[in-house]
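Trainee: start31.tsv is reproduced in full below (TSV, C-alpha atoms).
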```tsv
chain	number	residue	atom	x	y	z
A	1	MET	CA	-211.44	159.43	134.39
A	2	THR	CA	-212.69	157.92	131.17
A	3	PRO	CA	-216.38	157.00	130.93
A	4	ASN	CA	-215.60	153.29	130.56
A	5	SER	CA	-213.17	152.78	133.45
A	6	ILE	CA	-214.38	152.29	137.00
A	7	ALA	CA	-212.59	153.90	139.92
A	8	GLU	CA	-212.50	152.29	143.36
A	9	SER	CA	-214.95	154.73	144.91
A	10	GLU	CA	-217.77	154.05	142.44
A	11	SER	CA	-220.52	151.51	142.99
A	12	VAL	CA	-221.61	149.49	140.00
A	13	SER	CA	-225.08	147.99	139.76
A	14	GLU	CA	-224.35	146.00	136.60
A	15	PRO	CA	-221.33	143.79	135.92
A	16	LEU	CA	-218.43	145.36	134.11
A	17	ASP	CA	-217.45	143.88	130.79
A	18	VAL	CA	-213.96	142.91	131.96
A	19	THR	CA	-211.63	143.16	134.95
A	20	ILE	CA	-207.88	143.20	134.31
A	21	VAL	CA	-205.65	141.89	137.09
A	22	GLY	CA	-202.17	143.35	136.72
A	23	ALA	CA	-201.09	146.84	135.63
A	24	GLY	CA	-197.80	146.08	133.94
A	25	PRO	CA	-197.22	147.16	130.33
A	26	CYS	CA	-199.21	144.21	128.95
A	27	GLY	CA	-202.10	144.71	131.36
A	28	LEU	CA	-202.19	148.39	130.44
A	29	ALA	CA	-202.25	147.41	126.76
A	30	VAL	CA	-205.36	145.33	127.46
A	31	ALA	CA	-207.02	148.26	129.25
A	32	ILE	CA	-206.32	150.57	126.33
A	33	ALA	CA	-207.64	148.06	123.80
A	34	VAL	CA	-210.92	147.40	125.62
A	35	GLN	CA	-211.40	151.10	126.32
A	36	GLU	CA	-211.00	151.91	122.62
A	37	ARG	CA	-213.79	149.44	121.87
A	38	GLY	CA	-216.14	151.04	124.38
A	39	LEU	CA	-216.08	148.19	126.90
A	40	SER	CA	-216.42	148.92	130.62
A	41	TYR	CA	-213.51	147.71	132.72
A	42	ALA	CA	-211.50	147.92	135.89
A	43	ILE	CA	-207.73	147.40	136.13
A	44	LEU	CA	-205.99	146.81	139.44
A	45	ASP	CA	-202.63	145.72	140.80
A	46	ARG	CA	-201.43	144.61	144.20
A	47	GLY	CA	-198.48	146.97	143.71
A	48	CYS	CA	-197.98	150.15	141.72
A	49	ILE	CA	-198.24	150.71	137.98
A	50	THR	CA	-195.55	148.60	136.26
A	51	GLU	CA	-194.52	147.19	139.64
A	52	SER	CA	-192.10	144.69	138.10
A	53	LEU	CA	-190.09	147.47	136.41
A	54	THR	CA	-189.52	149.12	139.77
A	55	HIS	CA	-187.56	146.02	140.82
A	56	TYR	CA	-185.18	146.17	137.87
A	57	PRO	CA	-181.64	147.47	138.46
A	58	SER	CA	-181.62	151.25	138.83
A	59	TYR	CA	-179.36	151.83	135.83
A	60	MET	CA	-180.59	149.03	133.57
A	61	THR	CA	-180.82	149.52	129.81
A	62	PHE	CA	-183.41	147.50	127.89
A	63	PHE	CA	-182.37	145.10	125.15
A	64	SER	CA	-185.34	146.28	123.04
A	65	THR	CA	-185.44	149.61	121.26
A	66	ALA	CA	-187.94	152.22	122.44
A	67	GLU	CA	-190.46	151.78	119.63
A	68	ARG	CA	-190.80	148.07	120.43
A	69	LEU	CA	-191.95	148.93	123.95
A	70	GLU	CA	-194.67	151.35	122.84
A	71	ILE	CA	-198.31	150.72	123.75
A	72	GLY	CA	-201.52	152.56	123.03
A	73	SER	CA	-200.15	154.37	119.95
A	74	VAL	CA	-198.17	156.69	122.23
A	75	PRO	CA	-194.67	157.37	120.81
A	76	PHE	CA	-191.78	156.43	123.09
A	77	THR	CA	-189.42	159.23	122.15
A	78	ILE	CA	-185.94	159.35	123.69
A	79	PRO	CA	-182.57	160.53	122.31
A	80	GLU	CA	-180.92	157.12	122.71
A	81	PRO	CA	-181.97	153.99	120.75
A	82	LYS	CA	-182.45	151.82	123.84
A	83	PRO	CA	-184.44	153.07	126.84
A	84	THR	CA	-183.34	152.84	130.44
A	85	ARG	CA	-185.46	151.65	133.36
A	86	ARG	CA	-186.09	155.29	134.26
A	87	ASP	CA	-187.20	156.08	130.71
A	88	ALA	CA	-189.68	153.18	130.75
A	89	LEU	CA	-191.14	154.06	134.13
A	90	ALA	CA	-191.77	157.62	132.97
A	91	TYR	CA	-193.17	156.47	129.62
A	92	TYR	CA	-195.76	154.02	130.96
A	93	ARG	CA	-197.02	156.56	133.47
A	94	HIS	CA	-197.40	159.04	130.62
A	95	VAL	CA	-199.41	156.43	128.72
A	96	VAL	CA	-201.73	155.96	131.71
A	97	ALA	CA	-202.30	159.70	131.95
A	98	HIS	CA	-202.70	160.12	128.18
A	99	HIS	CA	-205.43	157.47	127.96
A	100	GLY	CA	-207.05	158.40	131.27
A	101	ILE	CA	-206.70	154.89	132.70
A	102	GLU	CA	-207.85	154.65	136.33
A	103	VAL	CA	-205.54	152.02	137.80
A	104	ARG	CA	-206.51	150.76	141.24
A	105	GLN	CA	-203.02	150.53	142.67
A	106	TYR	CA	-202.13	148.56	145.82
A	107	GLU	CA	-205.35	146.55	145.63
A	108	ASP	CA	-204.84	142.81	145.80
A	109	VAL	CA	-207.28	140.29	144.33
A	110	THR	CA	-207.84	137.78	147.11
A	111	GLY	CA	-210.23	135.51	145.25
A	112	ILE	CA	-212.27	135.04	142.08
A	113	GLU	CA	-215.43	132.98	141.69
A	114	ARG	CA	-217.58	132.28	138.67
A	115	GLY	CA	-221.24	133.03	139.15
A	116	GLU	CA	-224.21	132.99	136.84
A	117	GLY	CA	-223.23	135.20	133.92
A	118	ALA	CA	-220.41	137.01	135.76
A	119	PHE	CA	-217.29	136.63	137.84
A	120	THR	CA	-216.99	137.99	141.38
A	121	LEU	CA	-213.59	139.31	142.42
A	122	ASP	CA	-212.88	139.97	146.09
A	123	THR	CA	-210.13	142.52	146.67
A	124	ARG	CA	-208.30	144.13	149.56
A	125	THR	CA	-206.56	147.50	149.57
A	126	ARG	CA	-203.28	148.22	151.31
A	127	GLY	CA	-205.27	149.85	154.11
A	128	GLY	CA	-207.28	146.67	154.63
A	129	ARG	CA	-210.55	147.76	153.01
A	130	GLU	CA	-212.34	144.93	151.23
A	131	ASN	CA	-214.11	145.51	147.92
A	132	ARG	CA	-216.01	143.40	145.41
A	133	ILE	CA	-216.09	143.64	141.62
A	134	THR	CA	-218.32	141.76	139.20
A	135	SER	CA	-217.51	141.43	135.52
A	136	ARG	CA	-218.39	139.28	132.56
A	137	ALA	CA	-214.76	138.46	131.78
A	138	VAL	CA	-211.42	138.42	133.59
A	139	VAL	CA	-207.92	138.96	132.23
A	140	ILE	CA	-205.00	137.71	134.32
A	141	ALA	CA	-201.93	139.80	133.45
A	142	THR	CA	-199.90	139.36	136.63
A	143	GLY	CA	-196.52	138.92	134.94
A	144	GLY	CA	-193.70	136.58	135.82
A	145	PHE	CA	-192.64	137.87	139.23
A	146	GLY	CA	-194.81	135.63	141.39
A	147	GLU	CA	-192.26	133.49	143.20
A	148	PRO	CA	-188.46	133.40	142.87
A	149	ASN	CA	-186.71	130.21	141.82
A	150	ARG	CA	-185.15	129.15	145.10
A	151	LEU	CA	-181.57	127.94	145.47
A	152	GLY	CA	-182.31	124.61	147.12
A	153	LEU	CA	-180.14	125.34	150.14
A	154	GLU	CA	-179.83	122.64	152.75
A	155	GLY	CA	-182.61	123.49	155.18
A	156	GLY	CA	-184.33	125.72	152.60
A	157	GLU	CA	-184.07	129.50	152.37
A	158	ALA	CA	-186.95	130.03	154.78
A	159	ASP	CA	-186.29	127.08	157.10
A	160	GLY	CA	-182.77	127.53	158.40
A	161	GLY	CA	-180.76	127.64	155.18
A	162	ASP	CA	-180.67	131.44	155.20
A	163	LEU	CA	-180.76	132.40	158.86
A	164	ASP	CA	-179.17	135.82	158.39
A	165	GLY	CA	-181.26	136.84	155.37
A	166	ARG	CA	-178.34	137.22	153.01
A	167	VAL	CA	-180.07	135.68	149.95
A	168	ILE	CA	-181.58	138.41	147.75
A	169	HIS	CA	-183.63	137.83	144.60
A	170	TYR	CA	-183.71	141.44	143.39
A	171	TYR	CA	-180.69	143.55	142.48
A	172	LYS	CA	-181.00	147.34	142.33
A	173	GLU	CA	-177.52	148.87	142.66
A	174	PRO	CA	-174.02	147.99	143.92
A	175	TYR	CA	-173.49	150.47	146.73
A	176	PRO	CA	-174.77	148.40	149.70
A	177	PHE	CA	-172.24	145.69	148.78
A	178	PHE	CA	-169.01	147.74	148.79
A	179	ASP	CA	-166.12	145.81	150.40
A	180	GLN	CA	-168.37	142.75	150.81
A	181	ASN	CA	-168.02	139.16	149.58
A	182	VAL	CA	-170.86	138.58	147.13
A	183	ILE	CA	-171.87	135.49	145.17
A	184	VAL	CA	-174.03	136.03	142.09
A	185	VAL	CA	-175.96	132.92	141.10
A	186	GLY	CA	-176.88	132.56	137.44
A	187	ALA	CA	-175.39	133.50	134.06
A	188	GLY	CA	-178.17	135.36	132.26
A	189	ASN	CA	-178.38	139.10	131.66
A	190	SER	CA	-179.45	139.92	135.22
A	191	ALA	CA	-176.62	137.91	136.76
A	192	VAL	CA	-173.94	139.11	134.35
A	193	GLU	CA	-174.83	142.77	134.63
A	194	ALA	CA	-175.06	142.57	138.42
A	195	ALA	CA	-171.67	140.87	138.66
A	196	LEU	CA	-169.97	143.48	136.46
A	197	ASP	CA	-171.64	146.34	138.32
A	198	LEU	CA	-170.54	144.93	141.67
A	199	TYR	CA	-166.99	144.27	140.44
A	200	ARG	CA	-166.59	147.87	139.29
A	201	ASN	CA	-167.93	149.30	142.52
A	202	GLY	CA	-165.69	147.67	145.08
A	203	ALA	CA	-167.38	144.35	145.88
A	204	ARG	CA	-165.50	141.06	145.90
A	205	VAL	CA	-167.73	139.12	143.55
A	206	ARG	CA	-167.77	135.57	142.23
A	207	MET	CA	-170.35	133.73	140.14
A	208	VAL	CA	-171.97	130.30	140.41
A	209	HIS	CA	-173.84	128.69	137.54
A	210	PHE	CA	-175.37	125.23	137.06
A	211	ALA	CA	-174.34	125.05	133.37
A	212	ASP	CA	-170.90	125.29	131.75
A	213	THR	CA	-171.42	128.46	129.71
A	214	LEU	CA	-173.11	131.83	129.83
A	215	ASP	CA	-176.76	131.91	128.80
A	216	ARG	CA	-177.26	132.31	125.07
A	217	GLY	CA	-179.31	135.49	125.46
A	218	VAL	CA	-176.64	137.58	127.23
A	219	LYS	CA	-176.50	141.00	125.54
A	220	PRO	CA	-173.82	141.00	122.83
A	221	TRP	CA	-172.23	144.23	124.08
A	222	VAL	CA	-171.96	142.79	127.60
A	223	ARG	CA	-170.72	139.26	126.84
A	224	PRO	CA	-167.07	140.10	125.94
A	225	ASP	CA	-166.73	142.17	129.10
A	226	VAL	CA	-167.80	139.42	131.47
A	227	GLU	CA	-165.93	136.73	129.53
A	228	ASN	CA	-162.72	138.73	129.95
A	229	ARG	CA	-163.33	139.25	133.67
A	230	ILE	CA	-163.92	135.50	134.11
A	231	ALA	CA	-160.88	134.53	132.03
A	232	SER	CA	-158.63	136.79	134.12
A	233	ALA	CA	-160.20	135.50	137.39
A	234	GLU	CA	-161.18	139.04	138.32
A	235	ILE	CA	-164.62	137.51	138.69
A	236	PRO	CA	-164.10	133.86	139.69
A	237	MET	CA	-166.66	131.59	138.03
A	238	HIS	CA	-167.81	128.23	139.38
A	239	TRP	CA	-169.27	126.35	136.41
A	240	ARG	CA	-171.59	123.35	136.81
A	241	SER	CA	-171.99	124.28	140.47
A	242	ARG	CA	-174.51	125.31	143.10
A	243	ILE	CA	-174.50	126.74	146.61
A	244	ALA	CA	-175.22	123.87	148.98
A	245	ARG	CA	-175.29	125.68	152.30
A	246	LEU	CA	-174.44	128.89	154.11
A	247	GLY	CA	-172.36	129.14	157.26
A	248	ALA	CA	-171.31	132.00	159.50
A	249	GLY	CA	-169.70	134.31	156.96
A	250	THR	CA	-169.17	131.47	154.50
A	251	ALA	CA	-170.84	129.65	151.62
A	252	THR	CA	-170.15	126.12	150.46
A	253	ILE	CA	-170.15	125.65	146.68
A	254	VAL	CA	-170.54	122.15	145.26
A	255	GLU	CA	-169.31	121.12	141.80
A	256	GLU	CA	-172.14	118.94	140.52
A	257	THR	CA	-170.07	116.53	138.41
A	258	THR	CA	-167.45	115.59	141.01
A	259	GLY	CA	-169.21	116.57	144.22
A	260	ALA	CA	-166.15	118.57	145.26
A	261	GLU	CA	-166.92	121.25	147.84
A	262	THR	CA	-165.33	124.69	148.08
A	263	GLU	CA	-165.92	126.93	151.09
A	264	VAL	CA	-165.58	130.65	150.40
A	265	ALA	CA	-166.03	133.83	152.40
A	266	ASN	CA	-169.52	135.21	151.85
A	267	ASP	CA	-171.63	138.11	153.06
A	268	TRP	CA	-174.39	138.20	150.41
A	269	VAL	CA	-175.92	135.94	147.78
A	270	LEU	CA	-177.67	137.55	144.81
A	271	ALA	CA	-179.84	134.79	143.37
A	272	MET	CA	-180.43	135.94	139.80
A	273	THR	CA	-182.18	132.65	139.08
A	274	GLY	CA	-185.43	133.95	137.64
A	275	TRP	CA	-189.00	133.90	138.85
A	276	ARG	CA	-192.12	131.81	138.38
A	277	PRO	CA	-195.50	133.34	137.59
A	278	ASP	CA	-198.20	133.23	140.24
A	279	ALA	CA	-200.92	131.01	138.77
A	280	ALA	CA	-202.99	130.77	141.95
A	281	LEU	CA	-205.91	132.83	140.61
A	282	LEU	CA	-205.99	130.79	137.41
A	283	LYS	CA	-205.93	127.57	139.38
A	284	ASP	CA	-208.83	128.76	141.53
A	285	LEU	CA	-210.77	129.30	138.31
A	286	GLY	CA	-210.00	125.79	137.11
A	287	VAL	CA	-207.28	126.71	134.62
A	288	GLU	CA	-204.43	124.20	134.71
A	289	SER	CA	-200.81	124.91	133.82
A	290	ASP	CA	-198.42	122.51	132.11
A	291	PRO	CA	-196.29	120.95	134.87
A	292	ASP	CA	-193.13	121.06	132.75
A	293	THR	CA	-193.43	124.48	131.10
A	294	GLY	CA	-195.72	126.28	133.54
A	295	ILE	CA	-197.73	127.66	130.61
A	296	PRO	CA	-201.43	128.02	131.47
A	297	ALA	CA	-203.81	126.26	129.10
A	298	HIS	CA	-205.02	128.79	126.54
A	299	ASP	CA	-205.75	129.41	122.87
A	300	ALA	CA	-202.94	131.55	121.47
A	301	ALA	CA	-205.31	132.91	118.80
A	302	THR	CA	-207.63	134.49	121.38
A	303	MET	CA	-205.67	134.26	124.69
A	304	GLU	CA	-208.78	132.68	126.23
A	305	THR	CA	-208.28	129.73	128.57
A	306	PRO	CA	-210.49	126.61	128.49
A	307	GLU	CA	-212.61	128.39	131.10
A	308	PRO	CA	-214.90	130.71	129.07
A	309	GLY	CA	-214.38	134.38	129.87
A	310	VAL	CA	-210.97	133.84	131.50
A	311	TYR	CA	-208.01	135.24	129.55
A	312	ILE	CA	-204.28	135.60	130.11
A	313	ALA	CA	-202.01	138.38	128.85
A	314	GLY	CA	-198.31	139.12	128.91
A	315	VAL	CA	-195.45	137.22	130.49
A	316	ILE	CA	-197.69	134.83	132.46
A	317	ALA	CA	-198.43	133.16	129.10
A	318	ALA	CA	-194.75	132.12	128.89
A	319	GLY	CA	-194.88	130.00	132.03
A	320	PHE	CA	-191.43	129.29	133.47
A	321	ASN	CA	-189.62	130.67	130.41
A	322	ALA	CA	-189.91	134.42	130.92
A	323	ASN	CA	-187.59	134.98	127.94
A	324	LYS	CA	-190.29	133.70	125.58
A	325	ILE	CA	-192.64	136.67	125.99
A	326	PHE	CA	-191.47	140.25	126.48
A	327	ILE	CA	-193.26	143.57	126.45
A	328	GLU	CA	-192.68	143.80	122.70
A	329	ASN	CA	-194.77	140.70	121.92
A	330	GLY	CA	-196.94	140.56	125.05
A	331	ARG	CA	-198.31	144.02	124.25
A	332	GLU	CA	-200.14	142.46	121.27
A	333	HIS	CA	-202.34	140.39	123.58
A	334	GLY	CA	-204.52	143.38	124.41
A	335	ALA	CA	-205.88	143.81	120.89
A	336	ILE	CA	-206.37	140.05	120.52
A	337	ILE	CA	-208.37	139.83	123.75
A	338	ALA	CA	-210.45	142.95	123.04
A	339	ALA	CA	-211.40	141.66	119.59
A	340	HIS	CA	-212.46	138.30	121.00
A	341	LEU	CA	-214.48	139.94	123.77
A	342	MET	CA	-216.38	141.99	121.21
A	343	THR	CA	-217.21	138.79	119.34
A	344	SER	CA	-218.18	136.97	122.55
A	345	PHE	CA	-220.41	139.79	123.77
A	346	GLY	CA	-222.07	140.09	120.39
```
Please rewrite the model in this file as structure tokens.
Mentor:
Amino acid sequence: MTPNSIAESESVSEPLDVTIVGAGPCGLAVAIAVQERGLSYAILDRGCITESLTHYPSYMTFFSTAERLEIGSVPFTIPEPKPTRRDALAYYRHVVAHHGIEVRQYEDVTGIERGEGAFTLDTRTRGGRENRITSRAVVIATGGFGEPNRLGLEGGEADGGDLDGRVIHYYKEPYPFFDQNVIVVGAGNSAVEAALDLYRNGARVRMVHFADTLDRGVKPWVRPDVENRIASAEIPMHWRSRIARLGAGTATIVEETTGAETEVANDWVLAMTGWRPDAALLKDLGVESDPDTGIPAHDAATMETPEPGVYIAGVIAAGFNANKIFIENGREHGAIIAAHLMTSFG
């Protein structure tokens, strides 16, 4: 353990300089930056280190090259130009070990309050033990996987619209869906790659998308493949459509322009519709988010919110548009925040 990081078992009589909530790549970049400047800190996550990456498809390849995912001046060396999910998971754990970062995994922040000269964070471990941390500043780096964008099913997903639990918001691999009727909702990279993977591994897959074209950001080496599958009807595509309701072994797809309904056989729905960041902690601290963009109020030059001592880092700063901030630009927030903290602390 480094002299500036605080492990769960230690008691602290004085407030830490900063507590970082979220141990994804951007949260880790903050921890490294403040540690290099001699600031005391704690970093914790309600899941494991880089929890969001564990939910990516098992065989996913990143769009970014390896060097653009590097943090903490640790080279990301692989034989291929673009890293896989497995490469990234191994790399970020190596970074943690290299820098001696003590991440308090599986410890959820249940509340934050501002006191006189310090913040108090109440936390709970997976085993139910409650802890308390005080620090002069707080960085919220909880990423963009707070709440999935729901489908708007009649009755709602949790209130009768999905009685048999067939709607899934994460996709890992195709094998559970062999010889099944699967609808993939969306037309971004996650949806396109899932649909192709399913198609090639024995699932009967179709796609549903609210727009009339694939998302602009679909990987250029993937786009021709899915366009050909759609053109040949090997993967039927329902443009300008949504799933209205689920029945026993069926799904009803509605074309938004005409209102025409099509009932199809269905066993599973993979809703690759994106996620919204969890801004609850920020809201508790008085930080408002733009209702249209979801972006928390903050100064991009310092990453500090209008609430002094409260910072944001990583994908949460992109609000509802997770494609605006990636690891490759969110990793820069750590140095920005650390420099501002040094100025603030004098």
Trainee: Given the choices A:Ala339, A:Ala90, A:Phe63, A:Gly144, which gets closest to Gly38 of chain A if the distance is worked out from all atoms listed in the file?
Mentor: A:Ala339
Trainee: Have a look at atom CA of Pro176 of chain A and atom CA of Leu198 of chain A and let me know their distance in Å, one decimal.
Mentor: 9.7 Å
Trainee: Would you kindly return, as a PyMOL selection string, each protein, DNA or RNA residue with an atom no farther than 9 Å from any atom of segment 234-236 of chain A, considering only C-alpha atoms and excluding same-chain residues fewer than 2 positions away?
Mentor: chain A and resi 195-196+199+204-208+226+228-232+238
Trainee: Tell me, as an NGL selection string, which residues lie within 12 Å of Leu163 of chain A, counting all atoms listed in the file; anything in the same chain fewer than 6 positions away does not count.
Mentor: :A and (153-157 or 245-249)
Trainee: Fewer than 4 positions away in the same chain doesn't count, so skip those; otherwise give me all residues within 9 Å of Phe210 of chain A, counting all atoms listed in the file, as number ranges by chain.
Mentor: A: 185-187, 238-242, 255-256
Trainee: Got a sec: who's within 10 Å of Met342 of chain A, counting only C-alpha atoms, leaving out chain neighbours fewer than 2 positions off, as number ranges by chain?
Mentor: A: 17, 34, 37-39, 337-340, 344-346
Trainee: Nearest to Val269 of chain A among A:His209, A:His298, A:Arg166, A:Arg223, with distances taken over all atoms listed in the file: which residue is it?
Mentor: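 Closest residue, counting all atoms listed in the file: A:Arg166.
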Trainee: So how far away is atom CA of Ile20 of chain A from atom CA of Glu332 of chain A, in Å?
Mentor: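 Computing the Euclidean distance for atom CA of Glu332 of chain A and atom CA of Ile20 of chain A yields 15.2 Å.
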Trainee: For each of A:Tyr106, A:Phe76, A:Phe177, A:Phe320, take the minimum atom-to-atom distance to Leu270 of chain A, counting all atoms listed in the file, then give the residue where this is smallest.
Mentor: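 Under the stated criterion, the closest residue is A:Phe177.
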Trainee: Have a look at A:Ala233, A:Val139, A:Ala191, A:Ala318 and name the one nearest to Ile336 of chain A; count only C-alpha atoms.
Mentor: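 Counting only C-alpha atoms, the residue closest to Ile336 of chain A is A:Val139.
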Trainee: Show me, as a Markdown table, the residues of segment 22-59 of chain A having an atom within 10 Å of segment 81-88 of chain A, each with the closest atom pair and its distance in Å, using only C-alpha atoms.
Mentor:
```
| residue | atom | partner | partner_atom | distance |
| --- | --- | --- | --- | --- |
| A:Pro25 | CA | A:Ala88 | CA | 9.7 |
| A:Thr50 | CA | A:Ala88 | CA | 9.3 |
| A:Leu53 | CA | A:Arg85 | CA | 6.9 |
| A:Thr54 | CA | A:Arg85 | CA | 8.0 |
| A:His55 | CA | A:Arg85 | CA | 9.6 |
| A:Tyr56 | CA | A:Arg85 | CA | 7.1 |
| A:Pro57 | CA | A:Arg85 | CA | 7.6 |
| A:Ser58 | CA | A:Arg85 | CA | 6.7 |
| A:Tyr59 | CA | A:Arg85 | CA | 6.6 |
```
Trainee: Could you give me the axis-aligned bounding box of segment 77-83 of chain A, with 8 Å of padding per side, as centre plus edge lengths in Å to one decimal, as lines of an AutoDock Vina configuration file?
Mentor:
```
center_x = -185.2
center_y = 156.2
center_z = 123.8
size_x = 24.5
size_y = 24.7
size_z = 22.1
```
Trainee: Using only C-alpha atoms, which protein or nucleic acid residues come within 8 Å of Thr262 of chain A? Drop anything in the same chain fewer than 4 positions from it, and give the result as a short mmCIF file (atom, residue, chain, number, x, y, z; two decimals) with C-alpha atoms, in the coordinates of the input.
Mentor:
```cif
data_model
loop_
_atom_site.label_atom_id
_atom_site.label_comp_id
_atom_site.auth_asym_id
_atom_site.auth_seq_id
_atom_site.Cartn_x
_atom_site.Cartn_y
_atom_site.Cartn_z
CA THR A 252 -170.15 126.12 150.46
CA ILE A 253 -170.15 125.65 146.68
CA VAL A 254 -170.54 122.15 145.26
#
```
Trainee: List the residues sitting within 7 Å of (-190.0, 134.7, 135.8) in the file's frame, using only C-alpha atoms, as a ChimeraX atom specification.
Mentor: /A:144-145,274-277,320-322
Trainee: Could you tell me how far atom CA of Cys48 of chain A sits from atom CA of Val184 of chain A, in Å to one decimal place?
Mentor: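 Interatomic distance here is 27.8 Å.
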Trainee: So, counting only C-alpha atoms, which residue among A:Leu151, A:Ala31, A:Ala194, A:Ile112 is closest to Gly100 of chain A?
Mentor: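 Result for the nearest residue to Gly100 of chain A: A:Ala31.
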Trainee: Mind dumping segment 322-342 of chain A from that block, keeping N, CA and C atoms, as a PDB file, in the first residue's frame?
Mentor:
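Output saved as out.pdb:
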```
ATOM      1  N   ALA A 322     -22.982   9.043 -24.046  1.00  0.00           N
ATOM      2  CA  ALA A 322     -21.771   8.351 -23.611  1.00  0.00           C
ATOM      3  C   ALA A 322     -20.693   8.323 -24.680  1.00  0.00           C
ATOM      4  N   ASN A 323     -21.073   8.601 -25.952  1.00  0.00           N
ATOM      5  CA  ASN A 323     -20.094   8.601 -27.032  1.00  0.00           C
ATOM      6  C   ASN A 323     -19.273   9.887 -27.082  1.00  0.00           C
ATOM      7  N   LYS A 324     -19.564  10.826 -26.196  1.00  0.00           N
ATOM      8  CA  LYS A 324     -18.845  12.097 -26.186  1.00  0.00           C
ATOM      9  C   LYS A 324     -17.537  11.997 -25.421  1.00  0.00           C
ATOM     10  N   ILE A 325     -17.518  11.177 -24.369  1.00  0.00           N
ATOM     11  CA  ILE A 325     -16.310  11.008 -23.557  1.00  0.00           C
ATOM     12  C   ILE A 325     -15.993   9.523 -23.454  1.00  0.00           C
ATOM     13  N   PHE A 326     -14.788   9.163 -23.828  1.00  0.00           N
ATOM     14  CA  PHE A 326     -14.301   7.797 -23.751  1.00  0.00           C
ATOM     15  C   PHE A 326     -13.143   7.751 -22.747  1.00  0.00           C
ATOM     16  N   ILE A 327     -12.560   6.589 -22.615  1.00  0.00           N
ATOM     17  CA  ILE A 327     -11.378   6.472 -21.767  1.00  0.00           C
ATOM     18  C   ILE A 327     -10.288   7.406 -22.274  1.00  0.00           C
ATOM     19  N   GLU A 328     -10.136   7.475 -23.606  1.00  0.00           N
ATOM     20  CA  GLU A 328      -9.007   8.206 -24.171  1.00  0.00           C
ATOM     21  C   GLU A 328      -9.048   9.710 -23.908  1.00  0.00           C
ATOM     22  N   ASN A 329     -10.220  10.298 -23.688  1.00  0.00           N
ATOM     23  CA  ASN A 329     -10.245  11.705 -23.289  1.00  0.00           C
ATOM     24  C   ASN A 329     -10.634  11.879 -21.822  1.00  0.00           C
ATOM     25  N   GLY A 330     -11.404  10.948 -21.266  1.00  0.00           N
ATOM     26  CA  GLY A 330     -11.755  11.019 -19.847  1.00  0.00           C
ATOM     27  C   GLY A 330     -10.565  10.799 -18.933  1.00  0.00           C
ATOM     28  N   ARG A 331      -9.540  10.090 -19.433  1.00  0.00           N
ATOM     29  CA  ARG A 331      -8.353   9.841 -18.607  1.00  0.00           C
ATOM     30  C   ARG A 331      -7.606  11.135 -18.277  1.00  0.00           C
ATOM     31  N   GLU A 332      -7.832  12.187 -19.083  1.00  0.00           N
ATOM     32  CA  GLU A 332      -7.159  13.465 -18.850  1.00  0.00           C
ATOM     33  C   GLU A 332      -7.734  14.212 -17.654  1.00  0.00           C
ATOM     34  N   HIS A 333      -8.920  13.835 -17.215  1.00  0.00           N
ATOM     35  CA  HIS A 333      -9.555  14.552 -16.109  1.00  0.00           C
ATOM     36  C   HIS A 333      -8.755  14.437 -14.811  1.00  0.00           C
ATOM     37  N   GLY A 334      -8.057  13.332 -14.634  1.00  0.00           N
ATOM     38  CA  GLY A 334      -7.312  13.123 -13.393  1.00  0.00           C
ATOM     39  C   GLY A 334      -6.283  14.204 -13.149  1.00  0.00           C
ATOM     40  N   ALA A 335      -5.477  14.499 -14.166  1.00  0.00           N
ATOM     41  CA  ALA A 335      -4.438  15.517 -14.022  1.00  0.00           C
ATOM     42  C   ALA A 335      -5.047  16.898 -13.815  1.00  0.00           C
ATOM     43  N   ILE A 336      -6.163  17.162 -14.500  1.00  0.00           N
ATOM     44  CA  ILE A 336      -6.840  18.457 -14.358  1.00  0.00           C
ATOM     45  C   ILE A 336      -7.333  18.647 -12.928  1.00  0.00           C
ATOM     46  N   ILE A 337      -7.965  17.604 -12.388  1.00  0.00           N
ATOM     47  CA  ILE A 337      -8.506  17.687 -11.026  1.00  0.00           C
ATOM     48  C   ILE A 337      -7.388  17.808  -9.996  1.00  0.00           C
ATOM     49  N   ALA A 338      -6.344  16.986 -10.153  1.00  0.00           N
ATOM     50  CA  ALA A 338      -5.236  17.020  -9.186  1.00  0.00           C
ATOM     51  C   ALA A 338      -4.575  18.389  -9.157  1.00  0.00           C
ATOM     52  N   ALA A 339      -4.383  18.998 -10.337  1.00  0.00           N
ATOM     53  CA  ALA A 339      -3.767  20.319 -10.379  1.00  0.00           C
ATOM     54  C   ALA A 339      -4.639  21.356  -9.687  1.00  0.00           C
ATOM     55  N   HIS A 340      -5.957  21.269  -9.883  1.00  0.00           N
ATOM     56  CA  HIS A 340      -6.845  22.240  -9.249  1.00  0.00           C
ATOM     57  C   HIS A 340      -6.904  22.029  -7.741  1.00  0.00           C
ATOM     58  N   LEU A 341      -6.860  20.771  -7.312  1.00  0.00           N
ATOM     59  CA  LEU A 341      -6.857  20.507  -5.864  1.00  0.00           C
ATOM     60  C   LEU A 341      -5.611  21.105  -5.213  1.00  0.00           C
ATOM     61  N   MET A 342      -4.480  20.974  -5.850  1.00  0.00           N
ATOM     62  CA  MET A 342      -3.248  21.536  -5.293  1.00  0.00           C
ATOM     63  C   MET A 342      -3.363  23.047  -5.138  1.00  0.00           C
TER      64      MET A 342
END
```
